[in-house]
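Engineer: Here you go, this is final-v9.txt (compact mmCIF, C-alpha atoms).
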```
# COMPACT_ATOMS: atom_id res chain seq x y z
CA MET V 1 162.99 -110.33 80.05
CA THR V 2 159.31 -111.10 79.81
CA TRP V 3 157.06 -110.52 82.77
CA GLN V 4 155.18 -113.70 81.95
CA PRO V 5 155.24 -116.38 84.65
CA PHE V 6 156.57 -119.90 84.09
CA LEU V 7 153.36 -121.91 84.02
CA PRO V 8 153.29 -125.73 83.66
CA TYR V 9 152.49 -125.60 79.96
CA ASN V 10 151.92 -128.93 78.22
CA ALA V 11 152.20 -127.74 74.60
CA ILE V 12 153.59 -125.10 72.25
CA LEU V 13 151.48 -123.85 69.36
CA CYS V 14 153.57 -122.83 66.32
CA ARG V 15 152.18 -120.61 63.58
CA TYR V 16 153.51 -119.98 60.10
CA ASN V 17 152.50 -117.64 57.30
CA GLU V 18 154.38 -118.09 54.04
CA ILE V 19 154.27 -121.87 54.11
CA ALA V 20 150.49 -121.73 53.86
CA THR V 21 150.81 -120.37 50.30
CA LYS V 22 152.87 -123.31 48.99
CA GLY V 23 150.04 -125.37 47.52
CA ARG V 24 150.98 -128.94 46.68
CA ASN V 25 154.50 -128.47 48.11
CA ARG V 26 153.18 -127.36 51.48
CA THR V 27 153.76 -130.70 53.21
CA LEU V 28 157.46 -130.57 52.26
CA PHE V 29 157.83 -127.16 53.91
CA GLU V 30 155.88 -128.29 56.97
CA SER V 31 158.12 -131.33 57.31
CA ALA V 32 161.24 -129.15 57.04
CA LEU V 33 159.83 -126.82 59.70
CA ALA V 34 159.07 -129.73 62.03
CA ASP V 35 162.64 -130.99 61.62
CA SER V 36 163.97 -127.51 62.35
CA LEU V 37 161.88 -127.25 65.51
CA LYS V 38 163.13 -130.62 66.77
CA ARG V 39 166.71 -129.59 66.11
CA ASN V 40 166.45 -126.15 67.73
CA LEU V 41 164.48 -127.38 70.75
CA ALA V 42 166.58 -130.48 71.37
CA ASN V 43 167.71 -129.17 74.77
CA ALA V 44 164.12 -129.40 75.98
CA GLY V 45 164.40 -133.19 75.79
CA PRO V 46 162.30 -135.57 73.71
CA ILE V 47 159.43 -133.79 71.98
CA LYS V 48 156.75 -134.68 69.48
CA VAL V 49 155.57 -132.37 66.70
CA ILE V 50 151.93 -132.66 65.60
CA ASN V 51 150.99 -131.17 62.23
CA GLU V 52 147.33 -130.23 62.20
CA HIS V 53 145.60 -128.01 59.62
CA GLY V 54 147.88 -124.98 59.49
CA ARG V 55 149.36 -125.39 62.94
CA LEU V 56 152.25 -127.30 64.48
CA PHE V 57 151.93 -128.38 68.09
CA VAL V 58 155.04 -129.30 70.10
CA ILE V 59 154.40 -131.52 73.10
CA PRO V 60 156.75 -133.25 75.54
CA THR V 61 156.98 -137.01 75.44
CA GLN V 62 156.98 -139.45 78.33
CA PRO V 63 157.98 -139.39 81.08
CA LYS V 64 157.66 -135.58 80.93
CA GLU V 65 154.06 -134.34 80.84
CA THR V 66 154.67 -130.59 81.06
CA PHE V 67 157.49 -128.28 80.07
CA THR V 68 159.82 -127.00 82.78
CA PRO V 69 160.63 -123.31 83.38
CA GLU V 70 164.00 -123.99 81.71
CA ASP V 71 162.19 -125.34 78.67
CA ILE V 72 159.93 -122.29 78.48
CA GLN V 73 162.92 -119.94 78.72
CA LEU V 74 164.56 -121.91 75.90
CA PHE V 75 161.44 -121.39 73.77
CA ARG V 76 161.44 -117.67 74.53
CA ASP V 77 165.12 -117.36 73.60
CA VAL V 78 165.34 -119.68 70.60
CA ILE V 79 161.98 -119.49 68.80
CA PRO V 80 162.37 -115.85 67.62
CA THR V 81 165.31 -116.96 65.45
CA VAL V 82 163.87 -120.16 63.93
CA PRO V 83 163.29 -119.51 60.19
CA GLY V 84 159.77 -120.38 59.05
CA ILE V 85 158.00 -119.67 62.35
CA SER V 86 155.86 -116.53 62.45
CA SER V 87 154.99 -116.88 66.13
CA VAL V 88 154.57 -119.41 68.91
CA SER V 89 152.54 -119.57 72.07
CA PRO V 90 153.33 -121.77 75.04
CA GLY V 91 150.04 -122.87 76.53
CA PHE V 92 147.65 -125.59 77.57
CA MET V 93 146.39 -128.28 75.24
CA LEU V 94 142.87 -129.19 76.42
CA GLN V 95 139.80 -131.12 75.49
CA PRO V 96 137.66 -129.03 73.11
CA THR V 97 134.96 -128.24 75.66
CA LEU V 98 133.98 -124.96 77.27
CA GLU V 99 134.29 -126.60 80.70
CA ASP V 100 137.94 -127.58 80.17
CA ILE V 101 138.85 -124.18 78.74
CA GLU V 102 137.11 -122.38 81.59
CA ASN V 103 138.74 -124.53 84.26
CA ALA V 104 142.22 -123.85 82.86
CA PHE V 105 141.46 -120.14 82.48
CA ASP V 106 140.16 -119.84 86.06
CA LYS V 107 143.18 -121.71 87.40
CA TRP V 108 145.96 -119.81 85.64
CA PHE V 109 144.73 -116.33 84.70
CA PRO V 110 145.06 -115.07 88.32
CA THR V 111 148.74 -116.11 88.24
CA VAL V 112 149.20 -114.19 85.02
CA MET V 113 147.54 -111.13 86.57
CA ASP V 114 149.79 -111.37 89.64
CA ALA V 115 152.89 -111.48 87.44
CA PHE V 116 151.63 -108.49 85.45
CA ARG V 117 150.96 -106.47 88.61
CA ALA V 118 154.43 -107.32 89.95
CA GLN V 119 156.02 -105.16 87.22
CA LYS V 120 157.60 -101.95 88.46
CA PRO V 121 156.24 -99.62 87.35
CA MET V 122 153.05 -101.44 86.52
CA PRO V 123 151.30 -100.17 83.38
CA GLN V 124 147.54 -99.84 83.23
CA PRO V 125 146.32 -103.42 82.67
CA THR V 126 144.31 -103.80 79.47
CA TYR V 127 142.71 -107.03 78.31
CA ALA V 128 141.61 -108.72 75.11
CA MET V 129 140.81 -112.25 74.04
CA ARG V 130 141.44 -113.61 70.57
CA ALA V 131 139.27 -116.65 69.94
CA ARG V 132 139.60 -118.82 66.85
CA ARG V 133 136.98 -121.49 66.21
CA ALA V 134 138.22 -123.94 63.59
CA ASN V 135 135.51 -126.37 64.71
CA LYS V 136 132.34 -124.66 63.53
CA GLN V 137 130.26 -127.27 65.37
CA PHE V 138 131.31 -125.78 68.72
CA HIS V 139 128.20 -124.33 70.32
CA LEU V 140 129.61 -120.79 70.79
CA THR V 141 130.97 -118.54 68.07
CA ALA V 142 134.38 -116.92 68.45
CA GLU V 143 132.75 -113.60 69.36
CA GLU V 144 130.52 -115.28 71.97
CA ILE V 145 133.53 -116.98 73.53
CA GLU V 146 135.36 -113.64 73.81
CA LYS V 147 132.36 -111.93 75.41
CA TYR V 148 131.81 -114.80 77.84
CA PHE V 149 135.35 -114.62 79.24
CA ALA V 150 135.44 -110.83 79.20
CA GLY V 151 132.47 -110.84 81.57
CA LYS V 152 134.29 -113.16 83.96
CA VAL V 153 137.54 -111.17 83.85
CA LEU V 154 135.97 -107.75 84.39
CA ALA V 155 133.90 -108.98 87.31
CA GLN V 156 137.02 -110.33 89.07
CA ASN V 157 139.41 -107.50 88.12
CA PRO V 158 137.70 -104.10 88.33
CA ASP V 159 140.93 -102.26 87.41
CA LEU V 160 141.11 -104.08 84.07
CA LYS V 161 140.16 -102.25 80.90
CA ILE V 162 139.13 -103.79 77.58
CA ASP V 163 141.34 -102.81 74.66
CA LEU V 164 140.69 -104.88 71.56
CA LYS V 165 143.57 -103.38 69.56
CA ASN V 166 146.54 -102.82 71.89
CA ALA V 167 145.92 -104.86 75.03
CA ASN V 168 148.94 -105.79 77.14
CA LEU V 169 147.14 -108.87 78.52
CA VAL V 170 146.04 -110.98 75.56
CA VAL V 171 144.46 -114.40 76.00
CA GLU V 172 144.23 -116.63 72.95
CA VAL V 173 141.90 -119.59 72.51
CA GLU V 174 141.82 -122.00 69.58
CA ILE V 175 139.04 -124.57 69.34
CA ARG V 176 139.75 -127.37 66.93
CA PHE V 177 138.05 -130.69 66.29
CA ASN V 178 140.36 -132.82 68.42
CA ARG V 179 141.71 -130.32 70.90
CA ALA V 180 141.52 -126.81 72.29
CA PHE V 181 144.45 -124.58 73.11
CA LEU V 182 144.66 -121.77 75.69
CA SER V 183 147.60 -119.37 75.89
CA PHE V 184 148.55 -116.12 77.60
CA GLU V 185 151.70 -115.33 75.65
CA ARG V 186 152.76 -114.97 72.01
CA ILE V 187 156.42 -115.00 70.98
CA GLN V 188 157.22 -113.51 67.59
CA GLY V 189 159.28 -115.70 65.26
CA ALA V 190 161.70 -114.97 62.45
CA GLY V 191 159.15 -115.63 59.68
CA GLY V 192 160.27 -116.68 56.23
CA LEU V 193 160.78 -120.29 55.21
CA PRO V 194 162.26 -123.23 57.11
CA ALA V 195 165.94 -124.02 56.76
CA GLY V 196 166.66 -126.55 54.05
CA SER V 197 163.67 -125.69 51.84
CA GLY V 198 165.28 -123.10 49.56
CA GLY V 199 168.46 -124.59 48.14
CA HIS V 200 172.11 -124.55 49.06
CA VAL V 201 174.54 -121.59 49.01
CA LEU V 202 178.11 -120.76 50.01
CA ALA V 203 178.63 -117.60 52.05
CA LEU V 204 181.82 -115.57 52.26
CA LEU V 205 182.12 -115.28 56.03
CA SER V 206 184.39 -112.69 57.61
CA GLY V 207 184.87 -111.71 61.23
CA GLY V 208 182.68 -108.63 60.84
CA ILE V 209 179.07 -107.98 61.72
CA ASP V 210 177.51 -108.01 58.25
CA SER V 211 178.37 -111.39 56.74
CA PRO V 212 176.92 -113.47 59.63
CA ALA V 213 173.73 -111.40 59.40
CA ALA V 214 173.62 -112.05 55.65
CA CYS V 215 173.99 -115.78 56.31
CA PHE V 216 171.02 -115.72 58.67
CA LEU V 217 168.87 -113.84 56.17
CA MET V 218 169.58 -116.56 53.60
CA MET V 219 168.65 -119.22 56.15
CA LYS V 220 165.45 -117.29 56.74
CA ARG V 221 164.68 -117.72 53.03
CA GLY V 222 165.04 -121.48 53.43
CA CYS V 223 168.65 -121.88 52.27
CA THR V 224 171.24 -124.12 53.84
CA VAL V 225 174.56 -122.34 54.06
CA ASP V 226 178.16 -123.50 53.89
CA PHE V 227 180.87 -120.98 54.71
CA VAL V 228 184.21 -119.90 53.28
CA THR V 229 186.63 -117.52 54.98
CA PHE V 230 189.97 -116.08 53.92
CA HIS V 231 193.05 -115.56 56.06
CA SER V 232 196.69 -114.68 55.48
CA GLU V 233 198.73 -116.71 57.93
CA PRO V 234 201.30 -116.01 59.20
CA TYR V 235 200.31 -112.34 58.79
CA THR V 236 196.95 -113.06 60.43
CA PRO V 237 196.97 -114.87 63.81
CA PRO V 238 195.55 -118.41 64.31
CA GLU V 239 192.93 -116.85 66.60
CA TYR V 240 191.23 -115.45 63.52
CA ILE V 241 190.22 -118.93 62.36
CA ASP V 242 189.04 -119.76 65.89
CA LYS V 243 186.83 -116.66 65.79
CA ILE V 244 185.29 -117.65 62.44
CA VAL V 245 184.70 -121.21 63.69
CA ALA V 246 182.82 -119.80 66.68
CA ILE V 247 180.65 -117.62 64.40
CA ALA V 248 179.93 -120.55 62.06
CA ARG V 249 179.09 -122.75 65.05
CA LYS V 250 176.57 -120.16 66.24
CA LEU V 251 175.03 -119.82 62.79
CA ASN V 252 174.68 -123.58 62.56
CA THR V 253 172.24 -123.55 65.46
CA TYR V 254 169.71 -122.21 62.93
CA GLN V 255 170.24 -124.86 60.25
CA LYS V 256 171.59 -128.31 59.57
CA ARG V 257 175.35 -128.42 59.87
CA GLY V 258 177.20 -126.14 57.46
CA ARG V 259 180.88 -126.65 56.73
CA LEU V 260 183.59 -124.00 56.85
CA ALA V 261 186.36 -123.76 54.27
CA ALA V 262 189.35 -121.67 55.40
CA VAL V 263 191.49 -120.40 52.50
CA ASN V 264 194.99 -119.02 52.92
CA LEU V 265 195.00 -116.16 50.41
CA LEU V 266 198.59 -115.09 51.08
CA ASP V 267 200.15 -116.39 47.84
CA ALA V 268 197.74 -114.31 45.77
CA GLN V 269 198.09 -111.27 48.02
CA LEU V 270 201.88 -111.22 47.81
CA GLU V 271 201.78 -111.38 44.02
CA ILE V 272 199.18 -108.61 43.87
CA ARG V 273 201.21 -106.46 46.24
CA ASP V 274 204.39 -106.87 44.22
CA LYS V 275 203.04 -106.72 40.65
CA CYS V 276 199.84 -104.62 40.63
CA LYS V 277 198.84 -101.01 41.32
CA SER V 278 198.22 -100.41 45.02
CA LYS V 279 194.93 -98.59 44.40
CA TYR V 280 193.45 -101.75 42.82
CA ARG V 281 194.78 -104.05 45.54
CA THR V 282 191.55 -104.52 47.52
CA VAL V 283 189.45 -105.08 44.41
CA LEU V 284 191.98 -107.63 43.13
CA TYR V 285 191.93 -109.45 46.47
CA ARG V 286 188.17 -109.73 46.29
CA ARG V 287 188.21 -110.93 42.70
CA PHE V 288 190.45 -113.77 43.79
CA MET V 289 188.14 -114.49 46.70
CA LEU V 290 185.21 -114.89 44.32
CA ARG V 291 187.17 -117.08 41.93
CA ILE V 292 188.25 -119.38 44.76
CA ALA V 293 184.81 -119.34 46.42
CA SER V 294 183.19 -120.29 43.11
CA GLN V 295 185.31 -123.42 42.86
CA ILE V 296 184.64 -124.35 46.48
CA ALA V 297 180.92 -123.76 45.91
CA ARG V 298 180.91 -126.29 43.10
CA ILE V 299 182.73 -128.81 45.30
CA PHE V 300 180.15 -128.24 48.04
CA GLY V 301 177.23 -128.37 45.62
CA ALA V 302 176.18 -124.75 46.25
CA LYS V 303 174.17 -122.88 43.63
CA ALA V 304 175.12 -119.32 44.54
CA LEU V 305 177.56 -117.22 46.57
CA VAL V 306 176.44 -114.95 49.42
CA THR V 307 178.24 -111.85 50.64
CA GLY V 308 177.62 -109.29 53.36
CA ASP V 309 178.08 -106.42 50.89
CA ASN V 310 176.31 -103.21 51.83
CA LEU V 311 176.14 -100.54 49.16
CA GLY V 312 178.60 -97.71 49.81
CA GLN V 313 179.75 -98.97 53.21
CA VAL V 314 183.43 -99.39 52.26
CA ALA V 315 185.55 -98.66 49.19
CA SER V 316 185.09 -102.13 47.69
CA GLN V 317 181.29 -101.90 47.95
CA THR V 318 180.55 -99.08 45.54
CA LEU V 319 178.45 -100.01 42.52
CA ASP V 320 181.44 -99.77 40.21
CA ASN V 321 183.71 -101.87 42.40
CA MET V 322 181.09 -104.52 43.08
CA ALA V 323 180.52 -104.87 39.34
CA THR V 324 184.27 -105.22 38.76
CA ILE V 325 184.62 -107.79 41.55
CA GLU V 326 181.58 -109.78 40.40
CA ASP V 327 183.03 -109.95 36.90
CA ALA V 328 185.60 -112.47 38.19
CA SER V 329 182.95 -115.15 38.88
CA ASP V 330 180.31 -116.81 36.75
CA MET V 331 178.22 -117.76 39.78
CA MET V 332 175.14 -115.96 41.03
CA ILE V 333 176.06 -113.46 43.80
CA LEU V 334 173.42 -112.82 46.47
CA ARG V 335 173.69 -109.72 48.69
CA PRO V 336 170.82 -109.77 51.21
CA LEU V 337 172.17 -106.72 53.10
CA LEU V 338 172.79 -104.59 50.02
CA THR V 339 170.41 -101.75 50.98
CA ALA V 340 170.22 -102.32 54.73
CA ASP V 341 171.06 -99.69 57.30
CA LYS V 342 174.07 -100.61 59.43
CA LEU V 343 171.85 -100.51 62.49
CA ASP V 344 169.63 -103.15 60.85
CA ALA V 345 172.62 -105.48 60.46
CA ILE V 346 173.65 -104.87 64.05
CA ALA V 347 170.13 -105.66 65.25
CA ILE V 348 170.15 -108.96 63.34
CA ALA V 349 173.60 -109.84 64.71
CA GLU V 350 172.47 -109.13 68.26
CA LYS V 351 169.33 -111.21 67.80
CA ILE V 352 171.14 -114.25 66.43
CA GLY V 353 174.02 -114.08 68.91
CA THR V 354 176.93 -113.25 66.58
CA PHE V 355 177.43 -109.59 67.51
CA ASP V 356 179.68 -110.19 70.52
CA LEU V 357 181.71 -112.76 68.59
CA SER V 358 182.20 -110.35 65.70
CA SER V 359 183.12 -107.51 68.06
CA VAL V 360 186.33 -109.26 69.15
CA HIS V 361 189.01 -107.45 67.15
CA ILE V 362 191.43 -109.79 65.37
CA PRO V 363 193.26 -108.77 62.16
CA ASP V 364 191.88 -110.41 59.03
CA SER V 365 193.05 -110.84 55.45
CA CYS V 366 191.39 -107.60 54.32
CA THR V 367 193.81 -105.58 56.47
CA VAL V 368 196.95 -107.35 55.19
CA PHE V 369 198.82 -105.07 52.75
CA ALA V 370 195.77 -102.80 52.63
CA PRO V 371 196.42 -99.81 50.35
CA ASP V 372 196.38 -96.22 51.53
CA ASP V 373 194.63 -95.12 48.33
CA PRO V 374 191.90 -97.70 47.49
CA ALA V 375 190.09 -96.98 44.24
CA THR V 376 186.36 -96.44 44.72
CA SER V 377 185.39 -96.49 41.04
CA THR V 378 187.14 -99.17 39.00
CA ARG V 379 186.36 -100.71 35.63
CA ALA V 380 186.90 -104.37 34.90
CA TYR V 381 189.22 -103.68 31.96
CA HIS V 382 191.53 -101.56 34.15
CA VAL V 383 191.83 -104.33 36.72
CA LYS V 384 192.20 -107.03 34.09
CA ASN V 385 195.18 -105.14 32.67
CA ASP V 386 196.84 -105.43 36.09
CA GLU V 387 195.88 -109.10 36.31
CA GLU V 388 197.88 -109.75 33.14
CA ASN V 389 200.94 -109.45 35.40
CA LEU V 390 199.69 -112.48 37.36
CA ASN V 391 199.28 -116.16 36.64
CA VAL V 392 195.72 -116.10 37.90
CA GLU V 393 194.86 -119.79 37.52
CA GLU V 394 198.09 -120.92 39.14
CA LEU V 395 197.49 -118.63 42.13
CA VAL V 396 193.90 -119.84 42.48
CA GLN V 397 195.10 -123.45 42.57
CA LYS V 398 197.80 -122.61 45.13
CA CYS V 399 195.18 -121.05 47.40
CA LEU V 400 192.84 -124.03 46.97
CA LYS V 401 195.72 -126.35 47.85
CA ASN V 402 196.18 -124.32 51.06
CA THR V 403 192.50 -124.66 52.01
CA ILE V 404 191.19 -126.69 54.90
CA VAL V 405 187.61 -127.73 55.64
CA ILE V 406 186.47 -127.43 59.25
CA ASN V 407 183.54 -128.98 61.06
CA PRO V 408 182.47 -126.03 63.29
CA LYS V 409 180.89 -128.35 65.86
CA THR V 410 183.91 -130.58 66.48
CA ASP V 411 186.67 -128.32 65.07
CA LYS V 412 187.89 -131.34 63.08
CA ARG V 413 189.92 -130.19 60.09
CA HIS V 414 191.05 -131.78 56.85
CA PRO V 415 192.35 -130.58 53.46
CA LEU V 416 189.91 -129.50 50.78
CA GLU V 417 191.59 -132.09 48.55
CA ASP V 418 189.94 -134.82 50.62
CA LEU V 419 186.53 -133.73 49.36
CA THR V 420 187.58 -133.76 45.73
CA THR V 421 189.01 -137.29 46.10
CA ASN V 422 186.00 -138.47 48.19
CA LYS V 423 188.26 -139.61 51.03
CA THR V 424 186.35 -137.98 53.85
CA PHE V 425 183.51 -136.28 52.01
CA VAL V 426 180.42 -135.75 54.18
CA PRO V 427 177.35 -134.29 52.43
CA GLN V 428 176.15 -130.95 53.79
CA GLY V 429 173.49 -131.25 56.46
CA THR V 430 174.37 -134.70 57.82
```
Take the structure from the file and write it as structure tokens.
Structural biologist:
Amino acid sequence: MTWQPFLPYNAILCRYNEIATKGRNRTLFESALADSLKRNLANAGPIKVINEHGRLFVIPTQPKETFTPEDIQLFRDVIPTVPGISSVSPGFMLQPTLEDIENAFDKWFPTVMDAFRAQKPMPQPTYAMRARRANKQFHLTAEEIEKYFAGKVLAQNPDLKIDLKNANLVVEVEIRFNRAFLSFERIQGAGGLPAGSGGHVLALLSGGIDSPAACFLMMKRGCTVDFVTFHSEPYTPPEYIDKIVAIARKLNTYQKRGRLAAVNLLDAQLEIRDKCKSKYRTVLYRRFMLRIASQIARIFGAKALVTGDNLGQVASQTLDNMATIEDASDMMILRPLLTADKLDAIAIAEKIGTFDLSSVHIPDSCTVFAPDDPATSTRAYHVKNDEENLNVEELVQKCLKNTIVINPKTDKRHPLEDLTTNKTFVPQGT
């Protein structure tokens, strides 16, 4: 919990990094980021987003003139997970005059100091100002502004020390042509690119920790994500689907609405259990998952599949086994967590709010008929020999026929067939 007080801020300054390199396409990314901000900050009530020379300003609209403490807490909680934002600062939008900046500083900096000193234990207070003068016609340079306010602060707070590199009390001032902005707080964002700017993918979503984290990393690269999960009812309980719906619903807070396809894999699993070598069972399951996911991806208009694979984490995620599994699909397979440490995935899951949901233990399709002797180094030709005992295409079609599409927000469900016949097809993101 931040020690920062809840001041009556009238604006939020949003910064971005990567978008600034996009040249002629920059306005498209800025527009996508503005839409994402409006969507993620909807609980703050009506807001307006102003795009101005490398910055986005969020301001409340009438009748609200300032943000409430609840709004500010929302910004502190939500902004760090909004793809495309490098950082934000709640603060005061002012007239671009030294008088207005000084009046706001004199009024609110003592409150900030009081909140800082209320910490237990209180660290040594250190101060710095970061001034940015976009309006070069302003009569003071950025350095002169910083020195001017440092003199005021040190005179009023003799225990305060200047630390230009690692201050724990940082005041930021931006002076632009039409406005100035004063802030006492900077909230780090997720970085990356705004959701919806990088194409559309389908993620294989399980009830574990890794696949939701992989979904978020793809959103952070600007992708919109639909989801597919696999179950084995009646061997897996109905609560498993409810768990996946809850995870997808949470992930959708970071993007436009993504759909969830739930595939009953049982027909394929029973045939594999009865007709194939047990040591290849897990690899064969996953080959069927990719075949089925590839067809659903084409129905959904996705350009690639996403998995939570992490190299060497389980038997199916060795280099040999991943190559054998990938051989079953002709679609691009993206693995954003491939080289991540498990603690990195956990940290992402905790940050985005899926960790507790994933930690609820409910049996999934991977545990149904799981072999005692899973092969860790398979070759595609070995597995294909086993698959000759199966009618692969028929099994894929059976599983697709037993697939439902779920709206995670409303939990409304309908057969996948409805999308292929355009009966109830709703484009992704609407």
Engineer: Quick one: residues within 10 Å of region 288-292 of chain V, all atoms listed in the file, excluding same-chain residues fewer than 5 positions away - as a PDB file with C-alpha atoms, keeping the file's coordinate frame?
Structural biologist:
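After the write, part-v7.pdb holds the following:
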```
ATOM      1  CA  LEU V 204     181.820-115.570  52.260  1.00  0.00           C
ATOM      2  CA  VAL V 228     184.210-119.900  53.280  1.00  0.00           C
ATOM      3  CA  THR V 229     186.630-117.520  54.980  1.00  0.00           C
ATOM      4  CA  PHE V 230     189.970-116.080  53.920  1.00  0.00           C
ATOM      5  CA  VAL V 263     191.490-120.400  52.500  1.00  0.00           C
ATOM      6  CA  LEU V 265     195.000-116.160  50.410  1.00  0.00           C
ATOM      7  CA  ALA V 268     197.740-114.310  45.770  1.00  0.00           C
ATOM      8  CA  GLN V 269     198.090-111.270  48.020  1.00  0.00           C
ATOM      9  CA  VAL V 283     189.450-105.080  44.410  1.00  0.00           C
ATOM     10  CA  ALA V 297     180.920-123.760  45.910  1.00  0.00           C
ATOM     11  CA  LEU V 305     177.560-117.220  46.570  1.00  0.00           C
ATOM     12  CA  THR V 307     178.240-111.850  50.640  1.00  0.00           C
ATOM     13  CA  ILE V 325     184.620-107.790  41.550  1.00  0.00           C
ATOM     14  CA  GLU V 326     181.580-109.780  40.400  1.00  0.00           C
ATOM     15  CA  ASP V 327     183.030-109.950  36.900  1.00  0.00           C
ATOM     16  CA  ALA V 328     185.600-112.470  38.190  1.00  0.00           C
ATOM     17  CA  SER V 329     182.950-115.150  38.880  1.00  0.00           C
ATOM     18  CA  ASP V 330     180.310-116.810  36.750  1.00  0.00           C
ATOM     19  CA  MET V 331     178.220-117.760  39.780  1.00  0.00           C
ATOM     20  CA  ILE V 333     176.060-113.460  43.800  1.00  0.00           C
ATOM     21  CA  VAL V 392     195.720-116.100  37.900  1.00  0.00           C
ATOM     22  CA  GLU V 393     194.860-119.790  37.520  1.00  0.00           C
ATOM     23  CA  LEU V 395     197.490-118.630  42.130  1.00  0.00           C
ATOM     24  CA  VAL V 396     193.900-119.840  42.480  1.00  0.00           C
ATOM     25  CA  GLN V 397     195.100-123.450  42.570  1.00  0.00           C
ATOM     26  CA  CYS V 399     195.180-121.050  47.400  1.00  0.00           C
ATOM     27  CA  LEU V 400     192.840-124.030  46.970  1.00  0.00           C
ATOM     28  CA  THR V 403     192.500-124.660  52.010  1.00  0.00           C
TER      29      THR V 403
END
```
Engineer: Near region 235-252 of chain V, within 8 Å and counting all atoms listed in the file, which residues show up once chain neighbours fewer than 4 positions away are dropped, as a list in words?
Structural biologist: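 So the residues in contact are Leu205, Ser206, Gly207, Pro212, Cys215, Phe216, Phe227, Thr229, His231, Lys256, Arg257, Gly258, Leu260, Ala262, Ile352, Gly353, Thr354, Leu357, Ser358, Ile362, Pro363, Asp364, Ser365, Val368, Ile406, Pro408, Lys409 and Asp411 of chain V.
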Engineer: I'd like to know which of V:Ala134, V:Met122, V:Leu98, V:Leu41 is closest to Arg55 (chain V), using only C-alpha atoms.
Structural biologist: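 With only C-alpha atoms as the atom set, the closest residue is V:Ala134.
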Engineer: Calculate how many Å separate CA of Lys220 (chain V) from CA of Thr27 (chain V), rounding to one decimal.
Structural biologist: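 Computing it gives 18.1 Å between the two atoms.
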Engineer: Could you tell me how far CA of Asn157 (chain V) lies from CA of Ala131 (chain V), in Å and to one decimal?
Structural biologist: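 Separation between CA of Asn157 (chain V) and CA of Ala131 (chain V): 20.4 Å.
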Engineer: Please put the answer as lines of an AutoDock Vina configuration file: centre and edge lengths, in Å with one decimal, of a box along x, y and z that encloses all listed atoms of region 366-376 of chain V plus 3 Å on each side.
Structural biologist:
```
center_x = 192.6
center_y = -101.4
center_z = 50.4
size_x = 18.5
size_y = 18.5
size_z = 18.2
```
Engineer: For Ala42 (chain V), which residue among V:Leu74, V:Leu154, V:Leu28, V:Leu338 is the nearest when counting all atoms listed in the file?
Structural biologist: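 Among V:Leu74, V:Leu154, V:Leu28, V:Leu338, it is V:Leu74 that comes nearest to Ala42 (chain V).
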Engineer: Could you name the residues that touch Glu143 (chain V) at 9 Å or less, counting all atoms listed in the file, but leaving out those on the same chain fewer than 5 positions away, as number ranges by chain?
Structural biologist: V: 130-132, 148
Engineer: Figure out the distance between CA of Lys48 (chain V) and CA of Lys351 (chain V), please, to one decimal in Å.
Structural biologist: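 Those two atoms sit 26.7 Å apart.
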Engineer: With all atoms listed in the file as the basis for distance, which of V:Ala44, V:Asp344, V:Thr111, V:Arg221 is at the shortest distance from Ile72 (chain V)?
Structural biologist: V:Ala44
Engineer: Residues near Tyr280 (chain V), anyone? I mean within 7 Å using all atoms listed in the file, not counting same-chain ones fewer than 5 positions away, as a ChimeraX atom specification.
Structural biologist: /V:374-375,383
Engineer: Just the residues within 10 Å of Leu33 (chain V), please, counting all atoms listed in the file, with nothing from its chain fewer than 4 positions along; format it as a PyMOL selection string.
Structural biologist: chain V and resi 14+16+19+27-29+37-39+49+56+82-85+193-197+222
Engineer: Measuring between all atoms listed in the file, which one of V:Ser36, V:Asn321, V:Asn407, V:Ser316 shows the shortest distance to Met219 (chain V)?
Structural biologist: V:Ser36
Engineer: Using only C-alpha atoms, which of V:Glu172, V:Asn178, V:Gln124, V:Lys342 sits nearest Gln137 (chain V)?
Structural biologist: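 Of V:Glu172, V:Asn178, V:Gln124, V:Lys342, the one nearest Gln137 (chain V) is V:Asn178, counting only C-alpha atoms.
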